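Chemist: mmCIF, C-alpha atoms, saved as my_file.cif, coming up:
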data_protein
loop_
_atom_site.label_atom_id
_atom_site.label_comp_id
_atom_site.auth_asym_id
_atom_site.auth_seq_id
_atom_site.Cartn_x
_atom_site.Cartn_y
_atom_site.Cartn_z
CA MET A 1 -23.23 -43.77 3.12
CA THR A 2 -20.15 -41.48 2.92
CA ARG A 3 -20.08 -41.82 -0.84
CA GLY A 4 -23.76 -40.84 -1.02
CA ARG A 5 -23.10 -37.78 1.12
CA SER A 6 -20.13 -36.62 -0.91
CA ALA A 7 -22.14 -37.09 -4.10
CA ILE A 8 -24.85 -34.84 -2.66
CA ALA A 9 -22.26 -32.27 -1.54
CA THR A 10 -20.58 -32.28 -4.96
CA SER A 11 -23.85 -31.83 -6.80
CA CYS A 12 -24.85 -28.96 -4.48
CA LEU A 13 -21.51 -27.30 -5.23
CA LEU A 14 -21.91 -27.81 -8.98
CA ILE A 15 -25.46 -26.46 -8.89
CA GLN A 16 -24.22 -23.40 -6.98
CA LEU A 17 -21.39 -22.83 -9.44
CA ALA A 18 -23.82 -23.16 -12.34
CA CYS A 19 -26.21 -20.70 -10.69
CA ARG A 20 -23.37 -18.25 -10.10
CA ALA A 21 -22.33 -18.48 -13.74
CA GLU A 22 -25.95 -17.93 -14.78
CA ILE A 23 -26.33 -14.91 -12.46
CA TYR A 24 -23.12 -13.39 -13.86
CA ARG A 25 -24.24 -14.05 -17.43
CA ALA A 26 -27.65 -12.47 -16.81
CA ALA A 27 -26.09 -9.42 -15.11
CA ALA A 28 -23.66 -8.94 -17.98
CA GLN A 29 -26.49 -9.24 -20.50
CA ALA A 30 -28.75 -6.77 -18.68
CA THR A 31 -26.09 -4.06 -18.47
CA GLY A 32 -23.62 -4.78 -21.28
CA GLY A 33 -20.85 -4.64 -18.65
CA ASP A 34 -18.41 -7.13 -17.18
CA PRO A 35 -19.06 -8.01 -13.50
CA ASP A 36 -15.43 -9.01 -12.83
CA ARG A 37 -14.08 -5.72 -14.19
CA GLY A 38 -16.83 -4.01 -12.17
CA ALA A 39 -15.48 -5.50 -8.94
CA VAL A 40 -12.07 -3.95 -9.72
CA ALA A 41 -13.63 -0.58 -10.61
CA ILE A 42 -15.58 -0.56 -7.34
CA HIS A 43 -12.30 -0.44 -5.41
CA LYS A 44 -10.71 2.00 -7.85
CA TYR A 45 -13.40 4.64 -7.34
CA GLY A 46 -13.81 3.92 -3.64
CA CYS A 47 -17.41 2.67 -3.45
CA ASP A 48 -16.18 0.24 -0.80
CA SER A 49 -15.19 3.02 1.60
CA CYS A 50 -18.87 3.94 2.12
CA HIS A 51 -20.89 0.83 1.27
CA THR A 52 -20.96 -2.73 2.50
CA ILE A 53 -20.72 -4.73 -0.71
CA PRO A 54 -20.75 -8.55 -0.63
CA GLY A 55 -17.82 -10.10 -2.45
CA ILE A 56 -15.59 -7.01 -2.31
CA ARG A 57 -12.69 -7.46 0.12
CA GLY A 58 -12.83 -5.00 3.00
CA ALA A 59 -16.15 -3.43 1.89
CA LEU A 60 -17.73 -3.23 5.35
CA ALA A 61 -18.56 0.45 5.67
CA HIS A 62 -21.61 2.15 7.11
CA VAL A 63 -21.51 5.60 5.53
CA GLY A 64 -24.08 4.79 2.85
CA PRO A 65 -26.64 1.97 2.64
CA PRO A 66 -25.44 -1.63 2.25
CA LEU A 67 -25.65 -2.87 -1.33
CA THR A 68 -26.59 -6.38 -0.25
CA GLU A 69 -29.16 -7.77 -2.72
CA ILE A 70 -29.21 -4.49 -4.66
CA GLY A 71 -29.88 -6.64 -7.74
CA VAL A 72 -33.44 -7.37 -6.63
CA ARG A 73 -34.24 -4.05 -5.00
CA LYS A 74 -37.05 -2.08 -6.62
CA TYR A 75 -35.83 1.50 -6.21
CA VAL A 76 -32.41 3.15 -6.39
CA ALA A 77 -31.71 6.26 -4.30
CA GLY A 78 -35.29 6.06 -3.02
CA GLN A 79 -36.66 7.50 -6.26
CA LEU A 80 -35.43 5.83 -9.47
CA SER A 81 -36.85 2.47 -10.49
CA ASN A 82 -34.02 -0.04 -10.45
CA THR A 83 -33.26 -0.45 -14.16
CA PRO A 84 -29.74 -0.89 -15.58
CA ASP A 85 -29.86 2.61 -17.11
CA ASN A 86 -31.09 4.28 -13.93
CA LEU A 87 -28.55 2.44 -11.78
CA GLN A 88 -25.73 3.60 -14.07
CA THR A 89 -27.02 7.18 -14.03
CA TRP A 90 -27.04 7.10 -10.25
CA ILE A 91 -23.56 5.57 -10.03
CA ARG A 92 -22.08 8.10 -12.45
CA HIS A 93 -23.94 11.31 -11.51
CA PRO A 94 -25.64 10.92 -8.13
CA ARG A 95 -25.80 14.67 -7.52
CA ARG A 96 -27.64 15.26 -10.80
CA VAL A 97 -30.34 12.87 -9.64
CA GLU A 98 -30.45 14.09 -6.05
CA PRO A 99 -28.63 17.41 -5.56
CA HIS A 100 -28.35 17.01 -1.80
CA THR A 101 -27.15 13.44 -1.57
CA ALA A 102 -24.00 12.73 0.41
CA MET A 103 -22.84 10.42 -2.38
CA PRO A 104 -20.18 12.28 -4.38
CA ASP A 105 -19.72 12.28 -8.16
CA THR A 106 -16.61 10.13 -8.28
CA GLY A 107 -15.91 10.60 -11.99
CA VAL A 108 -17.00 7.09 -13.02
CA THR A 109 -16.59 6.66 -16.80
CA GLU A 110 -19.34 5.23 -18.96
CA ILE A 111 -17.60 1.85 -19.36
CA ASP A 112 -16.74 1.61 -15.67
CA GLY A 113 -20.33 2.55 -14.80
CA ARG A 114 -21.62 -0.34 -16.93
CA ASP A 115 -19.16 -2.74 -15.32
CA ILE A 116 -20.01 -1.61 -11.79
CA ALA A 117 -23.75 -1.95 -12.49
CA ALA A 118 -23.06 -5.42 -13.92
CA TYR A 119 -21.35 -6.43 -10.67
CA LEU A 120 -24.13 -4.97 -8.53
CA TYR A 121 -26.75 -6.98 -10.46
CA THR A 122 -24.99 -10.18 -9.42
CA LEU A 123 -25.92 -9.34 -5.80
CA ARG A 124 -29.28 -10.99 -5.39
CA MET B 1 -7.80 12.99 -8.86
CA GLN B 2 -10.39 11.62 -11.22
CA LEU B 3 -7.93 11.68 -14.08
CA LYS B 4 -5.36 9.90 -12.00
CA THR B 5 -7.66 6.98 -11.28
CA THR B 6 -8.37 6.39 -14.96
CA ALA B 7 -5.07 7.11 -16.69
CA ALA B 8 -2.15 4.72 -16.23
CA ALA B 9 0.46 7.46 -16.07
CA PRO B 10 3.90 6.38 -14.86
CA GLY B 11 4.09 6.67 -11.13
CA SER B 12 0.33 6.40 -10.70
CA MET B 13 -1.42 3.75 -8.60
CA ASN B 14 -1.89 1.77 -11.79
CA SER B 15 1.80 1.26 -12.42
CA PRO B 16 2.97 -1.83 -10.57
CA LEU B 17 4.01 -1.15 -7.00
CA LEU B 18 7.37 -2.79 -6.39
CA HIS B 19 7.85 -4.54 -3.07
CA SER B 20 10.54 -7.20 -3.12
CA ALA B 21 14.11 -7.40 -1.85
CA LEU B 22 14.84 -9.80 -4.72
CA THR B 23 14.37 -7.15 -7.42
CA PRO B 24 16.92 -4.63 -6.10
CA SER B 25 16.91 -1.11 -7.56
CA GLY B 26 19.83 0.52 -5.76
CA PRO B 27 23.47 -0.28 -4.95
CA GLN B 28 22.73 -1.30 -1.37
CA ALA B 29 19.74 -3.44 -2.25
CA VAL B 30 21.91 -5.10 -4.93
CA ALA B 31 24.52 -5.97 -2.29
CA ILE B 32 21.86 -7.29 0.09
CA ALA B 33 20.22 -9.38 -2.65
CA TRP B 34 23.68 -10.73 -3.64
CA LEU B 35 24.28 -11.82 -0.03
CA TRP B 36 20.87 -13.50 0.04
CA TRP B 37 21.66 -15.53 -3.09
CA VAL B 38 25.14 -16.47 -1.79
CA MET B 39 23.63 -17.65 1.50
CA LEU B 40 20.80 -19.50 -0.23
CA GLY B 41 23.16 -21.19 -2.71
CA THR B 42 25.69 -22.22 -0.03
CA THR B 43 23.15 -23.50 2.46
CA ALA B 44 21.22 -25.33 -0.28
CA ALA B 45 24.45 -27.07 -1.39
CA VAL B 46 25.29 -27.98 2.24
CA PHE B 47 21.77 -29.32 2.70
CA VAL B 48 22.01 -31.53 -0.39
CA ILE B 49 25.49 -32.84 0.56
CA VAL B 50 24.45 -33.62 4.17
CA LEU B 51 21.38 -35.50 2.96
CA ALA B 52 23.50 -37.41 0.44
CA PHE B 53 25.91 -38.53 3.19
CA LEU B 54 22.97 -39.42 5.42
CA GLY B 55 21.58 -41.57 2.59
CA ILE B 56 24.95 -43.30 2.17
CA ALA B 57 25.21 -43.93 5.94
CA VAL B 58 21.73 -45.43 6.11
CA PHE B 59 22.46 -47.64 3.10
CA ARG B 60 25.84 -48.83 4.46
CA GLY B 61 24.38 -49.31 7.95
CA SER B 62 21.82 -51.77 6.69
CA ARG B 63 24.51 -53.64 4.70
CA LYS B 64 26.77 -53.72 7.78
CA ARG B 65 23.98 -55.23 9.89
CA ASP B 66 23.71 -57.96 7.30
CA GLY B 67 27.48 -58.55 7.66
CA LEU B 68 28.27 -57.36 4.11
CA VAL B 69 30.70 -54.56 5.10
CA PRO B 70 33.58 -54.92 7.60
CA THR B 71 33.44 -52.58 10.66
CA ARG B 72 35.43 -49.37 10.07
CA ASP B 73 38.37 -48.58 12.38
CA ASP B 74 38.67 -45.43 14.53
CA SER B 75 41.25 -43.64 12.37
CA THR B 76 38.84 -43.31 9.40
CA LEU B 77 36.18 -41.94 11.74
CA THR B 78 38.60 -39.33 13.16
CA ALA B 79 39.63 -38.29 9.65
CA ALA B 80 35.96 -37.92 8.62
CA VAL B 81 35.18 -35.72 11.66
CA VAL B 82 38.28 -33.55 11.11
CA VAL B 83 37.44 -33.04 7.42
CA SER B 84 33.80 -32.12 8.07
CA VAL B 85 34.68 -29.69 10.89
CA GLY B 86 37.29 -28.12 8.59
CA VAL B 87 34.87 -27.75 5.68
CA THR B 88 32.12 -26.34 7.96
CA THR B 89 34.50 -23.78 9.47
CA PHE B 90 35.70 -22.76 6.01
CA ILE B 91 32.11 -22.26 4.78
CA LEU B 92 31.19 -20.21 7.85
CA PHE B 93 34.23 -17.98 7.30
CA VAL B 94 33.27 -17.48 3.64
CA LEU B 95 29.74 -16.45 4.72
CA LEU B 96 31.21 -14.16 7.40
CA ALA B 97 33.43 -12.50 4.79
CA ALA B 98 30.48 -12.15 2.39
CA SER B 99 28.28 -10.51 5.01
CA MET B 100 31.11 -8.17 6.09
CA TRP B 101 31.64 -7.17 2.47
CA THR B 102 27.88 -6.51 2.14
CA GLY B 103 27.92 -4.47 5.34
CA ARG B 104 30.77 -2.31 4.04
CA THR B 105 29.09 -1.78 0.65
CA VAL B 106 25.81 -0.84 2.29
CA ALA B 107 27.55 1.65 4.60
CA ALA B 108 29.74 3.23 1.90
CA LEU B 109 27.17 5.48 0.25
CA GLU B 110 27.61 8.81 2.05
CA ALA B 111 27.95 11.85 -0.19
CA PRO B 112 27.92 15.57 0.56
CA SER B 113 25.34 16.37 -2.13
CA ALA B 114 22.71 14.02 -0.71
CA VAL B 115 19.07 15.00 -0.42
CA THR B 116 18.16 15.09 3.28
CA ILE B 117 14.71 13.96 4.34
CA SER B 118 13.43 13.76 7.92
CA ILE B 119 10.95 11.02 8.70
CA VAL B 120 8.86 10.98 11.86
CA GLY B 121 6.87 7.82 12.53
CA HIS B 122 3.40 8.16 14.02
CA GLN B 123 0.74 5.59 14.83
CA TRP B 124 0.06 4.95 11.91
CA TRP B 125 1.50 7.24 9.27
CA TRP B 126 4.76 8.77 8.12
CA GLU B 127 5.58 12.47 8.46
CA VAL B 128 8.03 13.51 5.75
CA GLU B 129 10.05 16.72 5.65
CA TYR B 130 12.57 17.79 3.00
CA GLU B 131 15.30 19.72 4.76
CA ASP B 132 16.76 22.96 3.45
CA ALA B 133 19.14 25.53 4.93
CA VAL B 134 16.47 28.18 4.25
CA PRO B 135 13.51 27.46 6.55
CA SER B 136 10.92 28.74 4.06
CA ARG B 137 12.16 26.23 1.50
CA ARG B 138 11.52 23.21 3.72
CA VAL B 139 8.69 21.02 2.50
CA LYS B 140 6.38 18.90 4.62
CA THR B 141 4.27 16.07 3.29
CA ALA B 142 3.20 12.58 4.35
CA ASN B 143 3.24 8.94 3.30
CA GLU B 144 4.67 9.62 -0.16
CA ILE B 145 8.38 10.27 -0.62
CA HIS B 146 9.85 11.43 -3.93
CA ILE B 147 13.56 10.94 -4.52
CA PRO B 148 15.84 11.64 -7.49
CA ILE B 149 17.43 8.59 -9.12
CA GLY B 150 21.18 8.03 -9.18
CA ARG B 151 21.84 10.24 -6.17
CA PRO B 152 22.24 9.32 -2.50
CA VAL B 153 19.41 10.28 -0.18
CA VAL B 154 19.77 10.40 3.59
CA PHE B 155 16.76 9.77 5.78
CA LYS B 156 16.94 11.00 9.36
CA VAL B 157 14.39 8.90 11.16
CA THR B 158 12.75 9.15 14.55
CA SER B 159 9.41 8.38 16.15
CA ARG B 160 6.83 10.39 18.06
CA ASP B 161 5.24 7.45 19.92
CA VAL B 162 6.39 3.81 19.71
CA ILE B 163 9.17 2.06 17.79
CA HIS B 164 8.49 1.80 14.05
CA SER B 165 10.79 0.58 11.31
CA PHE B 166 11.46 2.17 7.91
CA TRP B 167 11.72 -0.46 5.17
CA VAL B 168 11.71 -0.17 1.39
CA PRO B 169 12.71 -3.71 0.35
CA ASN B 170 13.72 -2.76 -3.21
CA LEU B 171 16.14 -0.10 -1.98
CA HIS B 172 17.66 -1.09 1.37
CA GLY B 173 17.31 -3.04 4.61
CA LYS B 174 15.34 -1.84 7.65
CA ARG B 175 16.07 1.01 10.03
CA ASP B 176 14.20 1.36 13.31
CA LEU B 177 12.55 4.64 14.30
CA ILE B 178 13.23 5.09 18.02
CA PRO B 179 11.24 7.64 20.06
CA GLY B 180 13.46 10.49 21.22
CA TYR B 181 16.48 9.40 19.20
CA THR B 182 17.37 10.15 15.60
CA THR B 183 19.17 7.64 13.39
CA ALA B 184 20.09 7.96 9.72
CA ILE B 185 19.78 5.64 6.77
CA TRP B 186 21.34 6.28 3.37
CA LEU B 187 19.94 4.87 0.20
CA GLN B 188 19.94 5.38 -3.53
CA ALA B 189 17.55 4.33 -6.28
CA ASP B 190 19.09 3.66 -9.67
CA ARG B 191 15.89 2.88 -11.55
CA PRO B 192 12.74 5.00 -11.70
CA GLY B 193 9.66 3.41 -10.20
CA VAL B 194 7.18 3.46 -7.36
CA TYR B 195 8.54 1.40 -4.49
CA ARG B 196 6.32 0.32 -1.64
CA GLY B 197 7.61 0.83 1.88
CA GLN B 198 6.16 -0.68 5.00
CA CYS B 199 6.55 -0.30 8.74
CA ALA B 200 8.56 -3.37 9.72
CA GLU B 201 8.30 -3.22 13.52
CA PHE B 202 4.97 -4.14 15.07
CA CYS B 203 3.60 -0.83 16.31
CA GLY B 204 0.00 -1.47 17.30
CA MET B 205 -3.40 -2.21 15.91
CA GLN B 206 -2.92 -0.72 12.42
CA HIS B 207 0.73 -1.69 11.91
CA ALA B 208 -0.19 -3.46 8.66
CA HIS B 209 -1.83 -0.25 7.39
CA MET B 210 1.30 1.82 7.91
CA ALA B 211 2.72 1.83 4.42
CA PHE B 212 4.21 4.50 2.18
CA GLN B 213 5.45 4.97 -1.36
CA VAL B 214 8.84 5.99 -2.60
CA VAL B 215 8.57 7.55 -6.04
CA ALA B 216 12.02 7.49 -7.67
CA GLU B 217 12.19 9.80 -10.68
CA ALA B 218 14.65 11.70 -12.85
CA GLU B 219 16.31 14.72 -11.21
CA ALA B 220 14.33 17.25 -13.32
CA GLU B 221 11.00 15.65 -12.46
CA PHE B 222 11.98 15.50 -8.80
CA ASP B 223 12.90 19.21 -8.82
CA ARG B 224 9.55 20.06 -10.42
CA TRP B 225 7.71 18.01 -7.82
CA LEU B 226 9.63 19.61 -4.94
CA ALA B 227 8.97 23.12 -6.27
CA ALA B 228 5.25 22.34 -6.58
CA GLN B 229 5.18 20.98 -3.01
CA ARG B 230 6.96 24.10 -1.76
CA ALA B 231 4.15 26.35 -3.05
CA SER B 232 1.40 27.11 -0.58
CA SER B 233 -2.08 25.77 -1.19
CA ALA B 234 -4.56 26.88 -3.83
CA ASP B 235 -7.26 29.12 -2.38
CA GLY B 236 -10.23 27.58 -4.15
CA GLN B 237 -11.50 28.95 -7.47
CA THR B 238 -15.13 27.85 -7.72
CA GLU B 239 -17.91 28.66 -5.27
CA SER B 240 -17.99 25.12 -3.96
CA GLN B 241 -14.20 25.00 -3.49
CA LYS B 242 -14.38 28.24 -1.53
CA HIS B 243 -17.18 26.87 0.60
CA GLY B 244 -15.23 23.63 1.05
CA ARG B 245 -12.27 25.64 2.29
CA ALA B 246 -14.54 27.36 4.80
CA VAL B 247 -15.84 23.97 5.93
CA PHE B 248 -12.27 22.77 6.44
CA LEU B 249 -11.36 25.83 8.50
CA THR B 250 -14.51 26.06 10.60
CA ARG B 251 -15.16 22.40 11.32
CA GLN B 252 -12.77 20.22 13.30
CA CYS B 253 -10.39 19.43 10.36
CA ALA B 254 -8.10 22.40 11.00
CA LEU B 255 -7.46 21.35 14.59
CA CYS B 256 -5.38 18.37 13.47
CA HIS B 257 -4.25 19.11 9.91
CA THR B 258 -2.13 21.78 8.30
CA ILE B 259 -2.87 23.35 4.94
CA ARG B 260 -0.13 25.90 4.28
CA GLY B 261 -1.55 29.23 3.12
CA THR B 262 -4.56 28.91 5.44
CA PRO B 263 -4.91 29.37 9.20
CA ALA B 264 -4.99 25.57 9.58
CA PHE B 265 -1.81 24.44 11.30
CA GLY B 266 -2.74 21.33 13.28
CA ALA B 267 0.06 18.79 13.64
CA VAL B 268 -1.78 15.69 14.86
CA GLY B 269 -2.42 14.31 11.37
CA PRO B 270 -0.72 14.58 7.97
CA ASP B 271 -0.06 17.90 6.21
CA LEU B 272 -2.75 18.24 3.52
CA THR B 273 -1.33 21.20 1.57
CA HIS B 274 -1.00 19.08 -1.59
CA ILE B 275 -3.18 16.10 -0.70
CA ALA B 276 -4.55 15.81 -4.26
CA SER B 277 -1.04 15.19 -5.61
CA ARG B 278 -0.68 12.01 -3.56
CA GLN B 279 -1.54 8.57 -4.82
CA SER B 280 -2.97 7.05 -1.68
CA ILE B 281 -4.64 8.06 1.57
CA ALA B 282 -4.47 6.73 5.13
CA ALA B 283 -0.76 5.71 4.77
CA GLY B 284 -1.01 3.54 1.68
CA THR B 285 -4.30 2.00 2.79
CA LEU B 286 -6.57 3.23 -0.02
CA PRO B 287 -6.16 4.75 -3.49
CA ASN B 288 -6.63 8.52 -3.40
CA SER B 289 -9.97 8.72 -5.19
CA ARG B 290 -12.92 10.87 -4.27
CA GLY B 291 -15.02 7.92 -3.13
CA HIS B 292 -12.36 6.67 -0.72
CA LEU B 293 -11.59 10.16 0.55
CA GLY B 294 -15.28 10.81 1.25
CA GLY B 295 -15.73 7.51 3.08
CA TRP B 296 -12.52 8.13 5.03
CA ILE B 297 -13.55 11.64 6.16
CA VAL B 298 -17.00 10.51 7.34
CA ASP B 299 -16.03 7.24 9.02
CA PRO B 300 -12.27 6.69 9.30
CA GLN B 301 -12.71 4.28 12.20
CA ALA B 302 -14.47 1.75 9.96
CA ILE B 303 -11.50 1.75 7.56
CA LYS B 304 -8.60 1.89 10.01
CA PRO B 305 -9.97 1.20 13.52
CA GLY B 306 -7.98 2.82 16.31
CA ASN B 307 -6.45 5.65 14.27
CA ARG B 308 -6.54 9.19 15.70
CA MET B 309 -9.10 10.61 13.25
CA PRO B 310 -12.64 10.92 14.63
CA PRO B 311 -15.80 10.44 12.53
CA ASN B 312 -16.92 13.67 10.81
CA VAL B 313 -20.61 13.64 10.01
CA LEU B 314 -20.89 16.71 7.80
CA SER B 315 -24.00 17.76 5.91
CA ALA B 316 -24.07 16.23 2.44
CA ASP B 317 -23.45 19.59 0.75
CA ASP B 318 -20.58 20.47 3.09
CA LEU B 319 -19.01 17.08 2.44
CA ASP B 320 -19.26 17.48 -1.31
CA ASP B 321 -17.75 20.97 -1.25
CA LEU B 322 -15.00 19.81 1.09
CA LEU B 323 -14.14 17.04 -1.37
CA GLU B 324 -14.13 19.62 -4.20
CA TYR B 325 -11.71 21.76 -2.20
CA LEU B 326 -9.38 18.90 -1.24
CA ASP B 327 -9.43 17.77 -4.87
CA SER B 328 -8.11 21.21 -5.87
CA LEU B 329 -5.05 20.91 -3.60
CA LYS B 330 -2.77 19.54 -6.32
#
Output the file's structure as structure tokens, nothing else.
Modeler:
Amino acid sequence: MTRGRSAIATSCLLIQLACRAEIYRAAAQATGGDPDRGAVAIHKYGCDSCHTIPGIRGALAHVGPPLTEIGVRKYVAGQLSNTPDNLQTWIRHPRRVEPHTAMPDTGVTEIDGRDIAAYLYTLR
Amino acid sequence: MQLKTTAAAPGSMNSPLLHSALTPSGPQAVAIAWLWWVMLGTTAAVFVIVLAFLGIAVFRGSRKRDGLVPTRDDSTLTAAVVVSVGVTTFILFVLLAASMWTGRTVAALEAPSAVTISIVGHQWWWEVEYEDAVPSRRVKTANEIHIPIGRPVVFKVTSRDVIHSFWVPNLHGKRDLIPGYTTAIWLQADRPGVYRGQCAEFCGMQHAHMAFQVVAEAEAEFDRWLAAQRASSADGQTESQKHGRAVFLTRQCALCHTIRGTPAFGAVGPDLTHIASRQSIAAGTLPNSRGHLGGWIVDPQAIKPGNRMPPNVLSADDLDDLLEYLDSLK
């Protein structure tokens, strides 16, 4: 009985780990960025001071919208379709897309933008 | 600010922040670390010896019960007690001498040419002022202290509210900041680096977020930094910086913060005259990048609940221009 239960628990864990690896791989492929480096860049530029972002320590802010499940959302900034290119444009130059947004241009570099987008696409 | 977040210049947030009493970088910290190793070594040796004797006693006890060892007489027992009391007393006196020697070394740093810095503790940030005989040459800043290497620095510390404690583990021990009473602590850094300091006396809700940095640098670099801090603020070159300055002065910011060179002279929060030259915001809580600064201005209570700064819901354009302006205050 106990052995059966622990076998089920272990397989659930393994399946989850495999899914996580697959999600990370897919996000990296879609953007050309590295999700793990993206998580570091998110704190470097300060995204976490305005957004609630799952998986980023201390990212529980309510200045901008939560980025929970941003990976499956259909629009970015209420106007761009959610493609890797559009998401990176928005991350790097929000005020070019929407001149009156409260989101500042934080000087995100091209590489960091790719990495951040890669991380955000793991949130699904 | 943007450059700073991407380039790993020495002394930037990207260089490792040192925070350990076991990697001493000044004469006093060296003495304190030496004492720590002496104490650790001695007590570890005593621990091993005591356990060894305990092992022997247990082993002999079981043999005695089996009648294999004759019962010891009282004179051996007395001798054993006398020897162990003697050895223990000797060890304690050695440790006493070592800690007195450390105390003397730590206290022996005073020098007439020291840099004098006043520190006022607040819940939960550090007010820093470089003293000078000429009042106009005094410099106020916050949460980031620059010191020259190889030269004694004296910190005069006090508190405006509750008891805090000034502690830079790589450079010295702790010194409490007592409200209404000024104490002094001397220290010296011999190696350049960015040393993390931390309030070491529980002072309320955000005690853990009351950190600071000590940037130890060569004398010439320190002089350049001090001269730059002495200058009053930039006025704002671009249209948006000028508008940002107006936002700062007409919204509530100016009631609590000072920016020298403007009519803003609030003293509730940190002096922001050269905010863009600092590496972190909110007393070492966040890197000083535009994203963090924006989030902090709009909703500081989400980041550091209980601090004195209220939420500031500015229009998006005002916020952006304000960030442009603050970014220009190098």
Chemist: Give me, as a VMD selection string, the contact residues of chain B against chain A at a cut-off of 10 Å, counting all atoms listed in the file.
Modeler: chain B and resid 1 to 3 5 to 6 13 to 14 286 to 303 313 to 321 323 to 324
Chemist: Would you mind listing what lies within 12 Å of region 133-136 of chain B as a list in words, with all atoms listed in the file counted and same-chain residues fewer than 2 positions away left out?
Modeler: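 These residues fall inside the cut-off: Val115, Thr116, Glu129, Tyr130, Glu131, Arg138, Val139, Lys140, Ala227, Gln229, Arg230, Ala231, Ser232 and Arg260 of chain B.
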Chemist: Can you tell me, as a list in words, what residues are no more than 9 Å from Val97 (chain A) when counting all atoms listed in the file, ignoring any on the same chain fewer than 5 positions away?
Modeler: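 The contact residues come out as Ala77, Gln79, Leu80, Thr89 and Trp90 of chain A.
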Chemist: Can you spell out as a list of chain:residue names the set of residues that the PyMOL selection byres ((chain A and resi 30-39) around 7) selects in the structure I just provided?
Modeler: A:Tyr24, A:Ala26, A:Ala27, A:Ala28, A:Gln29, A:Val40, A:Ala41, A:Ile42, A:His43, A:Ile56, A:Pro84, A:Asp112, A:Arg114, A:Asp115, A:Ile116, A:Ala117, A:Ala118, A:Tyr119
Chemist: Could you state the separation of CA of Trp167 (chain B) and CA of Leu226 (chain B) in Å, given to one decimal place?
Modeler: 22.6 Å
